[in-house]
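File shown: coords.csv. Contents: CSV, C-alpha atoms.
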chain,number,residue,atom,x,y,z
K,267,GLY,CA,15.5,2.2,-11.0
K,268,ASN,CA,13.7,0.4,-8.3
K,269,SER,CA,11.0,-2.2,-9.1
K,270,VAL,CA,9.2,-5.1,-7.6
K,271,THR,CA,7.9,-8.2,-9.4
K,272,GLN,CA,5.7,-10.7,-7.7
K,273,MET,CA,4.0,-13.8,-9.1
K,274,GLU,CA,0.7,-13.4,-10.7
K,275,GLY,CA,-2.4,-14.9,-9.2
K,276,PRO,CA,-4.9,-15.9,-8.4
K,277,VAL,CA,-3.5,-18.7,-6.3
K,278,THR,CA,-6.0,-21.3,-5.0
K,279,LEU,CA,-5.0,-23.7,-2.3
K,280,SER,CA,-6.7,-26.2,0.0
K,281,GLU,CA,-6.6,-25.6,3.7
K,282,GLU,CA,-3.4,-26.8,5.3
K,283,ALA,CA,-1.4,-26.6,2.0
K,284,PHE,CA,2.0,-25.0,1.8
K,285,LEU,CA,2.1,-21.5,0.4
K,286,THR,CA,4.8,-19.7,-1.6
K,287,ILE,CA,4.4,-16.3,-3.2
K,288,ASN,CA,7.4,-15.2,-5.1
K,289,CYS,CA,8.8,-11.7,-5.0
K,290,THR,CA,11.9,-10.4,-6.6
K,291,TYR,CA,13.2,-6.8,-6.7
K,292,THR,CA,15.6,-4.4,-8.4
K,293,ALA,CA,17.0,-1.7,-6.3
K,294,THR,CA,20.1,0.5,-5.8
K,295,GLY,CA,21.6,0.6,-2.4
K,296,TYR,CA,20.1,-1.3,0.6
K,297,PRO,CA,16.3,-1.2,0.5
K,298,SER,CA,13.9,-2.5,3.2
K,299,LEU,CA,11.4,-5.1,2.0
K,300,PHE,CA,7.8,-5.6,3.1
K,301,TRP,CA,4.8,-7.9,2.7
K,302,TYR,CA,1.5,-6.2,3.1
K,303,VAL,CA,-1.9,-8.1,3.2
K,304,GLN,CA,-5.3,-6.8,2.2
K,305,TYR,CA,-8.3,-8.7,3.5
K,306,PRO,CA,-11.6,-8.3,1.5
K,307,GLY,CA,-13.1,-4.9,1.9
K,308,GLU,CA,-10.2,-3.5,4.0
K,309,GLY,CA,-7.1,-1.4,3.6
K,310,LEU,CA,-3.6,-2.9,3.5
K,311,GLN,CA,-1.8,-3.7,6.6
K,312,LEU,CA,1.8,-4.7,7.2
K,313,LEU,CA,2.3,-8.4,7.5
K,314,LEU,CA,6.1,-8.6,7.9
K,315,LYS,CA,9.3,-6.8,7.0
K,316,ALA,CA,13.0,-7.2,6.7
K,317,THR,CA,15.5,-4.3,6.7
K,318,LYS,CA,18.8,-5.9,5.7
K,319,ALA,CA,20.2,-8.9,3.9
K,320,ASP,CA,19.6,-12.3,5.5
K,321,ASP,CA,16.9,-10.9,7.9
K,322,LYS,CA,13.9,-13.1,8.2
K,323,GLY,CA,10.5,-11.4,8.8
K,324,SER,CA,7.8,-13.4,10.4
K,325,ASN,CA,4.2,-12.9,11.6
K,326,LYS,CA,1.0,-15.0,11.9
K,327,GLY,CA,2.9,-18.1,10.6
K,328,PHE,CA,4.2,-16.3,7.5
K,329,GLU,CA,7.9,-15.9,6.8
K,330,ALA,CA,10.1,-14.2,4.3
K,331,THR,CA,13.9,-14.0,4.1
K,332,TYR,CA,15.7,-11.1,2.5
K,333,ARG,CA,18.0,-12.7,0.0
K,334,LYS,CA,20.4,-10.1,-1.5
K,335,GLU,CA,22.2,-12.7,-3.7
K,336,THR,CA,19.0,-13.6,-5.5
K,337,THR,CA,17.3,-10.2,-4.9
K,338,SER,CA,14.2,-12.1,-3.6
K,339,PHE,CA,11.8,-11.9,-0.7
K,340,HIS,CA,9.5,-14.8,-1.1
K,341,LEU,CA,6.5,-15.2,1.2
K,342,GLU,CA,5.9,-18.7,2.7
K,343,LYS,CA,3.5,-20.3,5.1
K,344,GLY,CA,3.6,-23.9,6.1
K,345,SER,CA,-0.2,-24.5,6.5
K,346,VAL,CA,-2.7,-22.0,5.2
K,347,GLN,CA,-6.1,-21.4,6.6
K,348,VAL,CA,-9.3,-20.1,5.0
K,349,SER,CA,-8.8,-16.9,7.0
K,350,ASP,CA,-5.6,-16.3,5.0
K,351,SER,CA,-7.6,-15.6,1.9
K,352,ALA,CA,-6.5,-12.1,0.9
K,353,VAL,CA,-4.4,-10.1,-1.5
K,354,TYR,CA,-0.7,-10.0,-0.7
K,355,PHE,CA,1.6,-7.2,-1.8
K,356,CYS,CA,5.4,-7.2,-1.9
K,357,ALA,CA,6.9,-3.7,-1.5
K,358,LEU,CA,10.3,-2.1,-1.4
K,359,PHE,CA,11.3,1.0,0.5
K,360,ASN,CA,14.5,2.8,-0.4
K,361,ALA,CA,15.3,5.9,1.5
K,362,GLY,CA,17.0,7.4,-1.6
K,363,ASN,CA,13.8,7.1,-3.6
K,364,ASN,CA,12.1,10.2,-2.1
K,365,ARG,CA,10.9,7.9,0.7
K,366,LYS,CA,8.2,6.3,-1.3
K,367,LEU,CA,7.3,2.6,-1.4
K,368,ILE,CA,7.6,0.7,-4.6
K,369,TRP,CA,4.8,-1.9,-4.9
K,370,GLY,CA,4.3,-5.2,-6.6
K,371,LEU,CA,0.9,-5.7,-8.3
K,372,GLY,CA,-0.4,-8.0,-5.7
K,373,THR,CA,-1.2,-11.7,-5.6
K,374,SER,CA,-4.7,-12.9,-4.7
K,375,LEU,CA,-4.9,-16.0,-2.5
K,376,ALA,CA,-8.0,-18.1,-2.1
K,377,VAL,CA,-8.0,-20.9,0.5
K,378,ASN,CA,-10.7,-23.5,0.2
K,379,PRO,CA,-11.9,-25.6,3.2
I,290,ASN,CA,-7.4,3.5,18.4
I,291,ALA,CA,-8.6,5.2,15.2
I,292,GLY,CA,-5.4,5.2,13.1
I,293,VAL,CA,-6.2,6.5,9.6
I,294,THR,CA,-9.8,7.5,8.9
I,295,GLN,CA,-11.1,8.2,5.5
I,296,THR,CA,-14.5,9.7,4.5
I,297,PRO,CA,-16.7,9.0,2.7
I,298,LYS,CA,-16.5,5.2,2.3
I,299,PHE,CA,-18.7,5.2,-0.8
I,300,GLN,CA,-19.5,7.9,-3.3
I,301,VAL,CA,-21.2,8.0,-6.7
I,302,LEU,CA,-20.6,11.0,-8.9
I,303,LYS,CA,-21.7,12.2,-12.3
I,304,THR,CA,-19.1,13.1,-14.9
I,305,GLY,CA,-17.9,16.7,-14.3
I,306,GLN,CA,-18.9,16.9,-10.6
I,307,SER,CA,-16.3,17.7,-8.0
I,308,MET,CA,-15.7,16.2,-4.6
I,309,THR,CA,-13.1,15.9,-1.8
I,310,LEU,CA,-12.0,12.8,0.0
I,311,GLN,CA,-11.0,13.5,3.5
I,312,CYS,CA,-8.2,11.7,5.5
I,313,ALA,CA,-7.1,12.1,9.0
I,314,GLN,CA,-4.5,10.3,11.1
I,315,ASP,CA,-4.1,10.4,14.9
I,316,MET,CA,-0.6,8.8,15.1
I,317,ASN,CA,1.4,12.1,14.8
I,318,HIS,CA,2.9,10.8,11.5
I,319,ASN,CA,4.8,13.2,9.3
I,320,SER,CA,4.1,11.7,5.9
I,321,MET,CA,0.8,11.0,4.2
I,322,TYR,CA,-0.1,9.5,0.9
I,323,TRP,CA,-3.0,9.0,-1.5
I,324,TYR,CA,-3.2,5.9,-3.6
I,325,ARG,CA,-5.7,4.5,-6.0
I,326,GLN,CA,-6.2,0.8,-6.5
I,327,ASP,CA,-7.5,-0.6,-9.7
I,328,PRO,CA,-7.9,-4.3,-10.8
I,329,GLY,CA,-4.7,-5.6,-12.2
I,330,MET,CA,-2.8,-2.4,-11.6
I,331,GLY,CA,-1.9,-2.7,-8.0
I,332,LEU,CA,-1.5,0.5,-6.0
I,333,ARG,CA,-0.6,3.7,-7.8
I,334,LEU,CA,0.5,6.8,-5.9
I,335,ILE,CA,-1.4,10.0,-6.7
I,336,TYR,CA,0.1,12.5,-4.4
I,337,TYR,CA,2.0,12.5,-1.2
I,338,SER,CA,3.1,14.8,1.6
I,339,ALA,CA,6.5,14.1,3.1
I,340,SER,CA,5.8,16.6,5.9
I,341,GLU,CA,3.4,19.2,7.0
I,342,GLY,CA,3.4,22.1,4.5
I,343,THR,CA,4.7,20.1,1.5
I,344,THR,CA,3.0,18.1,-1.2
I,345,ASP,CA,4.4,16.3,-4.3
I,346,LYS,CA,3.1,14.5,-7.3
I,347,GLY,CA,3.2,10.8,-7.5
I,348,GLU,CA,2.7,8.5,-10.5
I,349,VAL,CA,-0.8,9.5,-11.5
I,350,PRO,CA,-1.6,13.1,-10.4
I,351,ASN,CA,-3.6,14.4,-13.4
I,352,GLY,CA,-7.1,15.3,-12.5
I,353,TYR,CA,-6.4,15.5,-8.7
I,354,ASN,CA,-5.4,18.1,-6.2
I,355,VAL,CA,-4.4,17.7,-2.6
I,356,SER,CA,-4.2,19.8,0.5
I,357,ARG,CA,-2.1,19.1,3.6
I,358,LEU,CA,-4.4,21.0,6.0
I,359,ASN,CA,-2.3,20.4,9.1
I,360,LYS,CA,-0.2,17.5,10.4
I,361,ARG,CA,-3.3,15.3,10.9
I,362,GLU,CA,-5.2,15.9,7.7
I,363,PHE,CA,-4.6,15.3,4.0
I,364,SER,CA,-7.4,15.8,1.5
I,365,LEU,CA,-7.8,14.7,-2.1
I,366,ARG,CA,-9.9,16.7,-4.5
I,367,LEU,CA,-11.4,15.8,-7.8
I,368,GLU,CA,-12.2,19.0,-9.6
I,369,SER,CA,-14.1,17.5,-12.5
I,370,ALA,CA,-14.7,13.8,-12.1
I,371,ALA,CA,-14.2,11.5,-15.1
I,372,PRO,CA,-15.2,7.8,-15.5
I,373,SER,CA,-11.5,6.9,-15.5
I,374,GLN,CA,-11.3,8.1,-11.9
I,375,THR,CA,-13.7,5.3,-10.8
I,376,SER,CA,-11.5,3.4,-8.3
I,377,VAL,CA,-10.9,2.6,-4.7
I,378,TYR,CA,-8.8,5.3,-3.0
I,379,PHE,CA,-6.6,4.7,0.0
I,380,CYS,CA,-5.0,7.2,2.3
I,381,ALA,CA,-1.9,6.1,4.2
I,382,SER,CA,0.5,7.6,6.7
I,383,ARG,CA,4.0,7.0,7.7
I,384,LYS,CA,6.0,8.2,10.7
I,385,GLY,CA,8.7,9.2,8.3
I,386,LEU,CA,11.3,11.6,9.5
I,387,THR,CA,13.7,13.2,7.1
I,388,GLY,CA,16.3,10.7,6.3
I,389,GLY,CA,14.4,8.0,8.1
I,390,THR,CA,14.4,4.5,6.7
I,391,SER,CA,11.2,2.8,7.9
I,392,GLY,CA,8.8,2.1,5.1
I,393,GLU,CA,5.8,1.0,7.3
I,394,LEU,CA,2.6,2.6,6.1
I,395,PHE,CA,-0.7,2.6,7.9
I,396,PHE,CA,-3.7,2.5,5.6
I,397,GLY,CA,-7.3,3.7,5.9
I,398,GLU,CA,-10.1,1.4,4.9
I,399,GLY,CA,-10.6,2.9,1.5
I,400,SER,CA,-13.1,5.1,-0.3
I,401,ARG,CA,-14.9,3.5,-3.2
I,402,LEU,CA,-15.7,6.1,-5.9
I,403,THR,CA,-17.8,5.5,-9.0
I,404,VAL,CA,-18.1,8.1,-11.7
I,405,LEU,CA,-21.0,7.7,-14.1

Hey, can you dump this file as structure tokens for me?
Amino acid sequence: GNSVTQMEGPVTLSEEAFLTINCTYTATGYPSLFWYVQYPGEGLQLLLKATKADDKGSNKGFEATYRKETTSFHLEKGSVQVSDSAVYFCALFNAGNNRKLIWGLGTSLAVNP
Amino acid sequence: NAGVTQTPKFQVLKTGQSMTLQCAQDMNHNSMYWYRQDPGMGLRLIYYSASEGTTDKGEVPNGYNVSRLNKREFSLRLESAAPSQTSVYFCASRKGLTGGTSGELFFGEGSRLTVL
């Protein structure tokens, strides 16, 4: 079946540090992959996405590359800011799965000044 | 640009009481979803509606009912609330056409429910 595994948090970094949040998946076929972000007290919003192998999604300085050979979609940012403190969710969408998203459990990131 | 609107934002209930969470989207999306979010458990799908006139169970449907009132509105009802239903509830919508591949969801701000 389809599943998503992401690294457990919480992750605590100092401002301007490098961020990596690991995400690996199991899926049949050719899923699309997503990173969503949830700021405190808000709903989730799409951060970036990739729809096929080797695609790189990017937004707000964050990047993730769809690696089919390692079934991974790791989230990276070169220099985090305090405003990046949030919970990050990796998700998979497979059109064959009744069009539902499969979610990772989320990784909490706290960035200290 | 309202997007997905949920009401109420906060609610406290006593065990056994009933209530309905309302959700409306103004993006002409076909698919709508109700999730609950609990610490350490991520997002769990309660019910979804792939298109107007259809509803289906998700991972955790017990204790809930839904109504897709029209294309815009998708409500979630707790008939007899239990403390285990204390959670944050999110409504989401997706453009989602039959056979479509885009997984982008648009979320409401959430409804925080406490059952005493």

When you count all atoms listed in the file, which of these residues is closest to Cys380 in chain I: I:Leu405, I:Met321, I:Met316, I:Leu302?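 Smallest distance to Cys380 in chain I is found for I:Met321.
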
Would you mind listing what lies within 10 Å of Pro328 in chain I as a tab-separated table (two decimals) with C-alpha atoms, keeping the file's coordinate frame, with all atoms listed in the file counted and same-chain residues fewer than 6 positions away left out?
chain	number	residue	atom	x	y	z
K	371	LEU	CA	0.90	-5.70	-8.30
K	372	GLY	CA	-0.40	-8.00	-5.70
I	376	SER	CA	-11.50	3.40	-8.30
I	377	VAL	CA	-10.90	2.60	-4.70

Interface, chain I side, toward chain K (12 Å; all atoms listed in the file) as a PyMOL selection string: chain I and resi 292-295+298-299+319-340+345-348+377-401

Interatomic distance, CA of Gln300 in chain I to CA of Asn354 in chain I (Å, one decimal): 17.6 Å

Residue with smallest distance to Ser356 in chain I - pool I:Ser373, I:Gln314, I:Leu402, I:Thr309, counting only C-alpha atoms: I:Thr309

With 6 Å as the threshold, what does the neighbourhood of (-5.1, -11.9, -9.0) contain in terms of residues, counting all atoms listed in the file? Coordinates are those of the file; answer as a ChimeraX atom specification. /K:275-276,373-374

Record the distance separating CA of Ser349 in chain K and CA of Gln272 in chain K, expressed in Å with one decimal. 21.6 Å
